[in-house]
Amino acid sequence: MMDGPGRVAPGLALLFDMDGVLIHSNPLHRTAWKLYNQRQGVETSEAMLEFMYGRRNDEIVRHFLGQALSPEEVAAHGEAKERLYRQLMEGRVGEYLVPGVRSFIESRPNVPMALATNAEPANVQFLLRASGLADRFQVVVHGGLVRNPKPDPEIFLRAAALLGVEARNSIVFEDSYAGVRAARNAGMRVVGVRTTHPSLPDADLSVDDFLSPELTAWLGEQKPVN
């Protein structure tokens with residue numbers, strides 16, 4: 001476990017969202033949705049793209065392409081769009097990682113960590129493989145493993161339970177309003193990462209990235225609650 005400033009006290013766990021926290025992928029997700037919607041004859045507005053942040057694909061597909069779609073059609077559209085996203089991201093994961101995230105995670109090898117993301121499992125596998133971070137997370141919970149997507153707290157509560165850590169001793173890193181609400185609804189502490197929104201007022205702390213010095217100071221102050 002890391003010593004000195006930024007050390008995570010024993011008894012605490014770190015839970016990470018993926019898109020916008022580990023990887024600044026939202027610009028390519030925006031591009032992929034615009035291209036995919038265009039192929040479906042749908043013009044993509046800025047309001048539609050704003051709806052995307054922090055949402056699970058079934059919600060996004062229905063919002064973009066129609067509520068009357070069958071579950072099979074929703075799944076097919078989601079899979080096709082995510083294949084397009086991965087094609088755009090192929091070979092570029094390193095340049096899109098959020099600054100400092102790799103060293104932040106790798107310098108704390110004994111801290112319990114989970115990945116808790118609404119993302120599709122294929123995207124999770126792609127990112128973890130390409131980033132070399134696959135073995136850093138003891139637990140991975142993706143959107144297909146929970147009934148209720150963020151802002152419901154289910155995904156974070158499940159990740160904490162699998163780590164064997166109480167919700168009140170879990171620190172969540174999130175970039176979206178829905179994700180911050182989900183962590184709050186779970187009774188967890190929240191660090192907002194300002195890759196997607198300029199302000200996350202409901203977070204305990206907001207930082208630009210994992211190199212922000214205030215993150216080191218804040219982490220050092222956090223203690224487990226019995």
# chains A, B, ... in the order shown; residues from 1 in each chain; ligands from 1
>>> residues_around(residues="A:Arg108", least_positions_apart="2", cutoff="9 Å", atoms="only C-alpha atoms", output="list of chain:residue names")
A:Met1, A:Met2, A:Arg7, A:Val8, A:Ser103, A:Phe104, A:Ile105, A:Glu106, A:Asn110, A:Val111, A:Pro112
>>> write_last_selection(atoms="C-alpha atoms", output="compact mmCIF listing (two decimals), in the first residue's frame")
# COMPACT_ATOMS: atom_id res chain seq x y z
CA MET A 1 0.00 0.00 0.00
CA MET A 2 1.18 3.47 -0.81
CA ARG A 7 -2.32 6.88 1.03
CA VAL A 8 -5.69 5.14 1.22
CA SER A 103 -0.06 5.67 -11.93
CA PHE A 104 -2.82 6.44 -9.43
CA ILE A 105 -4.14 2.88 -9.65
CA GLU A 106 -0.81 1.09 -10.00
CA ASN A 110 -3.18 -3.39 -2.03
CA VAL A 111 -6.23 -1.14 -2.01
CA PRO A 112 -9.51 -2.94 -2.85
>>> residues_around(residues="A:Ser206", least_positions_apart="3", cutoff="10 Å", atoms="only C-alpha atoms", output="number ranges by chain")
A: 173-175, 190-194, 198-203, 209, 212, 214-215
>>> residues_around(residues="A:Ser176", least_positions_apart="3", cutoff="10 Å", atoms="only C-alpha atoms", output="list in words")
Asp17, Asp19, Gly20, Val21, Met52, Tyr53, Gly54, Arg55, Lys150, Pro151, Phe173, Gly179, Val180, Arg181, Ala182, Gly192, Val193, Arg194, Thr195, Thr196, His197, Ser199 and Leu200 of chain A
>>> write_last_selection(atoms="C-alpha atoms", output="mmCIF file, in the first residue's frame")
data_model
loop_
_atom_site.group_PDB
_atom_site.id
_atom_site.type_symbol
_atom_site.label_atom_id
_atom_site.label_comp_id
_atom_site.auth_asym_id
_atom_site.auth_seq_id
_atom_site.Cartn_x
_atom_site.Cartn_y
_atom_site.Cartn_z
ATOM 1 C CA ASP A 17 -16.645 4.374 -13.354
ATOM 2 C CA ASP A 19 -16.029 6.208 -19.486
ATOM 3 C CA GLY A 20 -14.913 9.655 -18.390
ATOM 4 C CA VAL A 21 -12.983 8.361 -15.382
ATOM 5 C CA MET A 52 -26.017 9.918 -23.280
ATOM 6 C CA TYR A 53 -23.723 10.721 -20.340
ATOM 7 C CA GLY A 54 -23.907 8.173 -17.547
ATOM 8 C CA ARG A 55 -26.685 6.180 -19.225
ATOM 9 C CA LYS A 150 -27.365 4.576 -12.713
ATOM 10 C CA PRO A 151 -28.606 6.790 -11.061
ATOM 11 C CA PHE A 173 -14.859 8.201 -8.886
ATOM 12 C CA GLY A 179 -23.134 8.467 -11.641
ATOM 13 C CA VAL A 180 -22.677 10.959 -8.825
ATOM 14 C CA ARG A 181 -26.345 10.554 -7.879
ATOM 15 C CA ALA A 182 -25.971 6.771 -7.907
ATOM 16 C CA GLY A 192 -16.123 14.014 -9.313
ATOM 17 C CA VAL A 193 -13.795 13.942 -12.325
ATOM 18 C CA ARG A 194 -14.411 16.971 -14.531
ATOM 19 C CA THR A 195 -13.887 15.344 -17.923
ATOM 20 C CA THR A 196 -17.549 15.511 -18.947
ATOM 21 C CA HIS A 197 -19.069 18.380 -16.963
ATOM 22 C CA SER A 199 -19.014 21.186 -12.320
ATOM 23 C CA LEU A 200 -20.254 18.255 -10.227
#
>>> closest_atom_pairs(of="stretch 29-103 of chain A", to="stretch 133-148 of chain A", cutoff="12 Å", atoms="only C-alpha atoms", output="Markdown table")
| residue | atom | partner | partner_atom | distance |
| --- | --- | --- | --- | --- |
| A:Gly54 | CA | A:Gly143 | CA | 10.8 |
| A:Arg55 | CA | A:Gly143 | CA | 9.4 |
| A:Arg56 | CA | A:Gly143 | CA | 6.6 |
| A:Asn57 | CA | A:Gly143 | CA | 8.5 |
| A:Asp58 | CA | A:Gly143 | CA | 9.7 |
| A:Glu59 | CA | A:Asn148 | CA | 10.8 |
| A:Ala75 | CA | A:Gly144 | CA | 11.1 |
| A:Val93 | CA | A:Leu133 | CA | 11.6 |
| A:Gly94 | CA | A:Leu133 | CA | 11.3 |
| A:Leu97 | CA | A:Leu133 | CA | 11.1 |
| A:Val101 | CA | A:Leu133 | CA | 10.1 |
| A:Arg102 | CA | A:Leu133 | CA | 7.7 |
| A:Ser103 | CA | A:Leu133 | CA | 10.6 |
>>> closest_residue(among="A:Gln125, A:Asn226, A:Gln40, A:Asn169", to="A:Val61", atoms="only C-alpha atoms")
A:Gln40
>>> select_by_dssp(residues="stretch 1-225 of chain A", states="strand (DSSP E or B)", output="mmCIF file with C-alpha atoms, in the first residue's frame")
data_model
loop_
_atom_site.group_PDB
_atom_site.id
_atom_site.type_symbol
_atom_site.label_atom_id
_atom_site.label_comp_id
_atom_site.auth_asym_id
_atom_site.auth_seq_id
_atom_site.Cartn_x
_atom_site.Cartn_y
_atom_site.Cartn_z
ATOM 1 C CA ALA A 13 -12.177 0.789 -1.110
ATOM 2 C CA LEU A 14 -12.059 2.666 -4.409
ATOM 3 C CA LEU A 15 -14.800 2.227 -7.031
ATOM 4 C CA PHE A 16 -14.279 3.594 -10.538
ATOM 5 C CA ASP A 19 -16.029 6.208 -19.486
ATOM 6 C CA ILE A 23 -10.664 6.923 -20.209
ATOM 7 C CA LEU A 97 -6.561 7.564 -20.696
ATOM 8 C CA MET A 113 -10.687 -1.608 -6.203
ATOM 9 C CA ALA A 114 -13.717 -2.226 -8.390
ATOM 10 C CA LEU A 115 -14.828 -1.098 -11.826
ATOM 11 C CA ALA A 116 -18.544 -0.260 -11.835
ATOM 12 C CA VAL A 139 -14.245 -6.785 -9.049
ATOM 13 C CA VAL A 140 -15.801 -5.674 -12.355
ATOM 14 C CA VAL A 141 -19.539 -4.952 -12.567
ATOM 15 C CA SER A 170 -16.398 3.146 -0.434
ATOM 16 C CA ILE A 171 -15.036 6.074 -2.447
ATOM 17 C CA VAL A 172 -16.499 6.404 -5.937
ATOM 18 C CA PHE A 173 -14.859 8.201 -8.886
ATOM 19 C CA GLU A 174 -17.499 9.494 -11.309
ATOM 20 C CA ARG A 189 -18.211 9.234 -0.802
ATOM 21 C CA VAL A 190 -17.775 10.716 -4.262
ATOM 22 C CA VAL A 191 -14.901 12.249 -6.194
ATOM 23 C CA GLY A 192 -16.123 14.014 -9.313
ATOM 24 C CA VAL A 193 -13.795 13.942 -12.325
ATOM 25 C CA LEU A 205 -14.456 16.691 -4.127
ATOM 26 C CA SER A 206 -14.121 17.621 -7.799
ATOM 27 C CA VAL A 207 -10.838 17.328 -9.711
#
>>> select_by_dssp(residues="stretch 53-192 of chain A", states="alpha helix (DSSP H)", output="VMD selection string")
chain A and resid 57 to 65 71 to 89 93 to 96 101 to 106 121 to 131 154 to 163 177 to 185
>>> atom_distance(atom1="atom CA of A:Thr31", atom2="atom CA of A:Tyr85")
8.1 Å
>>> atom_distance(atom1="atom CA of A:Leu219", atom2="atom CA of A:Ser131")
24.2 Å
>>> atom_distance(atom1="atom CA of A:Ala159", atom2="atom CA of A:Asp204")
20.0 Å
>>> closest_residue(among="A:Lys81, A:Pro10, A:Phe64, A:Ser70", to="A:Tyr36", atoms="only C-alpha atoms")
A:Lys81
>>> closest_residue(among="A:Ala160, A:Trp33, A:Pro213, A:Phe51", to="A:Met188", atoms="only C-alpha atoms")
A:Ala160
>>> closest_residue(among="A:Leu84, A:Leu211, A:Leu22, A:Ile60", to="A:Gly132", atoms="only C-alpha atoms")
A:Leu22
>>> residues_around(residues="A:Lys34", least_positions_apart="6", cutoff="9 Å", atoms="only C-alpha atoms", output="ChimeraX atom specification")
/A:42-45,49
>>> write_last_selection(atoms="N, CA and C atoms", output="PDB file, in the first residue's frame")
ATOM      1  N   VAL A  42     -31.256   9.368 -38.667  1.00  0.00           N
ATOM      2  CA  VAL A  42     -31.578  10.214 -37.510  1.00  0.00           C
ATOM      3  C   VAL A  42     -30.506  11.285 -37.355  1.00  0.00           C
ATOM      4  N   GLU A  43     -30.922  12.529 -37.258  1.00  0.00           N
ATOM      5  CA  GLU A  43     -30.007  13.639 -37.001  1.00  0.00           C
ATOM      6  C   GLU A  43     -29.775  13.741 -35.489  1.00  0.00           C
ATOM      7  N   THR A  44     -28.519  13.828 -35.087  1.00  0.00           N
ATOM      8  CA  THR A  44     -28.179  13.820 -33.662  1.00  0.00           C
ATOM      9  C   THR A  44     -28.004  15.245 -33.157  1.00  0.00           C
ATOM     10  N   SER A  45     -28.810  15.624 -32.173  1.00  0.00           N
ATOM     11  CA  SER A  45     -28.727  16.958 -31.593  1.00  0.00           C
ATOM     12  C   SER A  45     -27.792  16.956 -30.380  1.00  0.00           C
ATOM     13  N   LEU A  49     -26.976  14.065 -27.273  1.00  0.00           N
ATOM     14  CA  LEU A  49     -25.654  13.657 -26.791  1.00  0.00           C
ATOM     15  C   LEU A  49     -25.512  13.909 -25.301  1.00  0.00           C
TER      16      LEU A  49
END
>>> decode(residues="stretch 20-112 of chain A", atoms="C-alpha atoms", output="PDB file, in the first residue's frame")
ATOM      1  CA  GLY A  20     -14.913   9.655 -18.390  1.00  0.00           C
ATOM      2  CA  VAL A  21     -12.983   8.361 -15.382  1.00  0.00           C
ATOM      3  CA  LEU A  22     -10.481   5.788 -16.615  1.00  0.00           C
ATOM      4  CA  ILE A  23     -10.664   6.923 -20.209  1.00  0.00           C
ATOM      5  CA  HIS A  24     -11.771  10.205 -21.747  1.00  0.00           C
ATOM      6  CA  SER A  25     -13.870   8.325 -24.271  1.00  0.00           C
ATOM      7  CA  ASN A  26     -16.924  10.542 -24.494  1.00  0.00           C
ATOM      8  CA  PRO A  27     -15.656  12.505 -27.543  1.00  0.00           C
ATOM      9  CA  LEU A  28     -15.397   9.255 -29.516  1.00  0.00           C
ATOM     10  CA  HIS A  29     -18.727   8.012 -28.171  1.00  0.00           C
ATOM     11  CA  ARG A  30     -20.267  11.253 -29.435  1.00  0.00           C
ATOM     12  CA  THR A  31     -18.712  10.718 -32.854  1.00  0.00           C
ATOM     13  CA  ALA A  32     -19.796   7.084 -32.964  1.00  0.00           C
ATOM     14  CA  TRP A  33     -23.392   7.940 -32.076  1.00  0.00           C
ATOM     15  CA  LYS A  34     -23.534  10.698 -34.690  1.00  0.00           C
ATOM     16  CA  LEU A  35     -22.252   8.327 -37.383  1.00  0.00           C
ATOM     17  CA  TYR A  36     -24.502   5.469 -36.309  1.00  0.00           C
ATOM     18  CA  ASN A  37     -27.618   7.611 -36.027  1.00  0.00           C
ATOM     19  CA  GLN A  38     -26.892   9.105 -39.451  1.00  0.00           C
ATOM     20  CA  ARG A  39     -26.910   5.593 -40.895  1.00  0.00           C
ATOM     21  CA  GLN A  40     -30.368   5.130 -39.331  1.00  0.00           C
ATOM     22  CA  GLY A  41     -31.606   8.382 -40.849  1.00  0.00           C
ATOM     23  CA  VAL A  42     -31.578  10.214 -37.510  1.00  0.00           C
ATOM     24  CA  GLU A  43     -30.007  13.639 -37.001  1.00  0.00           C
ATOM     25  CA  THR A  44     -28.179  13.820 -33.662  1.00  0.00           C
ATOM     26  CA  SER A  45     -28.727  16.958 -31.593  1.00  0.00           C
ATOM     27  CA  GLU A  46     -26.560  18.252 -28.762  1.00  0.00           C
ATOM     28  CA  ALA A  47     -29.411  17.549 -26.341  1.00  0.00           C
ATOM     29  CA  MET A  48     -29.386  13.902 -27.426  1.00  0.00           C
ATOM     30  CA  LEU A  49     -25.654  13.657 -26.791  1.00  0.00           C
ATOM     31  CA  GLU A  50     -26.060  15.253 -23.364  1.00  0.00           C
ATOM     32  CA  PHE A  51     -28.648  12.574 -22.554  1.00  0.00           C
ATOM     33  CA  MET A  52     -26.017   9.918 -23.280  1.00  0.00           C
ATOM     34  CA  TYR A  53     -23.723  10.721 -20.340  1.00  0.00           C
ATOM     35  CA  GLY A  54     -23.907   8.173 -17.547  1.00  0.00           C
ATOM     36  CA  ARG A  55     -26.685   6.180 -19.225  1.00  0.00           C
ATOM     37  CA  ARG A  56     -26.886   2.515 -20.154  1.00  0.00           C
ATOM     38  CA  ASN A  57     -27.134   1.621 -23.837  1.00  0.00           C
ATOM     39  CA  ASP A  58     -30.700   0.322 -23.725  1.00  0.00           C
ATOM     40  CA  GLU A  59     -31.852   3.729 -22.453  1.00  0.00           C
ATOM     41  CA  ILE A  60     -29.805   5.575 -25.067  1.00  0.00           C
ATOM     42  CA  VAL A  61     -30.950   3.450 -28.007  1.00  0.00           C
ATOM     43  CA  ARG A  62     -34.626   3.847 -27.135  1.00  0.00           C
ATOM     44  CA  HIS A  63     -34.193   7.593 -26.626  1.00  0.00           C
ATOM     45  CA  PHE A  64     -32.403   7.996 -29.957  1.00  0.00           C
ATOM     46  CA  LEU A  65     -34.158   5.443 -32.167  1.00  0.00           C
ATOM     47  CA  GLY A  66     -37.588   4.841 -30.658  1.00  0.00           C
ATOM     48  CA  GLN A  67     -39.360   3.510 -27.601  1.00  0.00           C
ATOM     49  CA  ALA A  68     -41.234   0.903 -29.674  1.00  0.00           C
ATOM     50  CA  LEU A  69     -38.099  -1.099 -30.503  1.00  0.00           C
ATOM     51  CA  SER A  70     -38.083  -4.704 -29.316  1.00  0.00           C
ATOM     52  CA  PRO A  71     -35.434  -5.817 -26.806  1.00  0.00           C
ATOM     53  CA  GLU A  72     -33.693  -7.693 -29.625  1.00  0.00           C
ATOM     54  CA  GLU A  73     -33.618  -4.595 -31.824  1.00  0.00           C
ATOM     55  CA  VAL A  74     -32.316  -2.481 -28.953  1.00  0.00           C
ATOM     56  CA  ALA A  75     -29.528  -4.970 -28.302  1.00  0.00           C
ATOM     57  CA  ALA A  76     -28.598  -5.151 -31.991  1.00  0.00           C
ATOM     58  CA  HIS A  77     -28.402  -1.370 -32.343  1.00  0.00           C
ATOM     59  CA  GLY A  78     -26.350  -1.066 -29.166  1.00  0.00           C
ATOM     60  CA  GLU A  79     -23.896  -3.758 -30.235  1.00  0.00           C
ATOM     61  CA  ALA A  80     -23.474  -2.221 -33.699  1.00  0.00           C
ATOM     62  CA  LYS A  81     -22.810   1.246 -32.306  1.00  0.00           C
ATOM     63  CA  GLU A  82     -20.272  -0.104 -29.804  1.00  0.00           C
ATOM     64  CA  ARG A  83     -18.434  -1.990 -32.557  1.00  0.00           C
ATOM     65  CA  LEU A  84     -18.149   1.331 -34.378  1.00  0.00           C
ATOM     66  CA  TYR A  85     -16.835   3.010 -31.205  1.00  0.00           C
ATOM     67  CA  ARG A  86     -14.201   0.310 -30.713  1.00  0.00           C
ATOM     68  CA  GLN A  87     -13.091   0.688 -34.311  1.00  0.00           C
ATOM     69  CA  LEU A  88     -12.608   4.420 -33.717  1.00  0.00           C
ATOM     70  CA  MET A  89     -10.718   3.779 -30.456  1.00  0.00           C
ATOM     71  CA  GLU A  90      -8.571   0.856 -31.679  1.00  0.00           C
ATOM     72  CA  GLY A  91      -4.890   1.575 -31.079  1.00  0.00           C
ATOM     73  CA  ARG A  92      -5.635   4.883 -29.336  1.00  0.00           C
ATOM     74  CA  VAL A  93      -6.524   3.853 -25.774  1.00  0.00           C
ATOM     75  CA  GLY A  94      -3.247   5.092 -24.322  1.00  0.00           C
ATOM     76  CA  GLU A  95      -3.740   8.628 -25.617  1.00  0.00           C
ATOM     77  CA  TYR A  96      -7.288   8.757 -24.253  1.00  0.00           C
ATOM     78  CA  LEU A  97      -6.561   7.564 -20.696  1.00  0.00           C
ATOM     79  CA  VAL A  98      -7.431  10.238 -18.146  1.00  0.00           C
ATOM     80  CA  PRO A  99      -4.151  11.900 -17.049  1.00  0.00           C
ATOM     81  CA  GLY A 100      -2.578  10.212 -14.054  1.00  0.00           C
ATOM     82  CA  VAL A 101      -5.082   7.374 -13.774  1.00  0.00           C
ATOM     83  CA  ARG A 102      -2.621   4.576 -14.528  1.00  0.00           C
ATOM     84  CA  SER A 103      -0.061   5.674 -11.933  1.00  0.00           C
ATOM     85  CA  PHE A 104      -2.818   6.440  -9.430  1.00  0.00           C
ATOM     86  CA  ILE A 105      -4.136   2.882  -9.654  1.00  0.00           C
ATOM     87  CA  GLU A 106      -0.810   1.089  -9.996  1.00  0.00           C
ATOM     88  CA  SER A 107       0.740   2.899  -7.000  1.00  0.00           C
ATOM     89  CA  ARG A 108      -1.957   1.467  -4.694  1.00  0.00           C
ATOM     90  CA  PRO A 109      -1.769  -2.276  -5.391  1.00  0.00           C
ATOM     91  CA  ASN A 110      -3.175  -3.391  -2.028  1.00  0.00           C
ATOM     92  CA  VAL A 111      -6.226  -1.142  -2.007  1.00  0.00           C
ATOM     93  CA  PRO A 112      -9.505  -2.938  -2.848  1.00  0.00           C
TER      94      PRO A 112
END
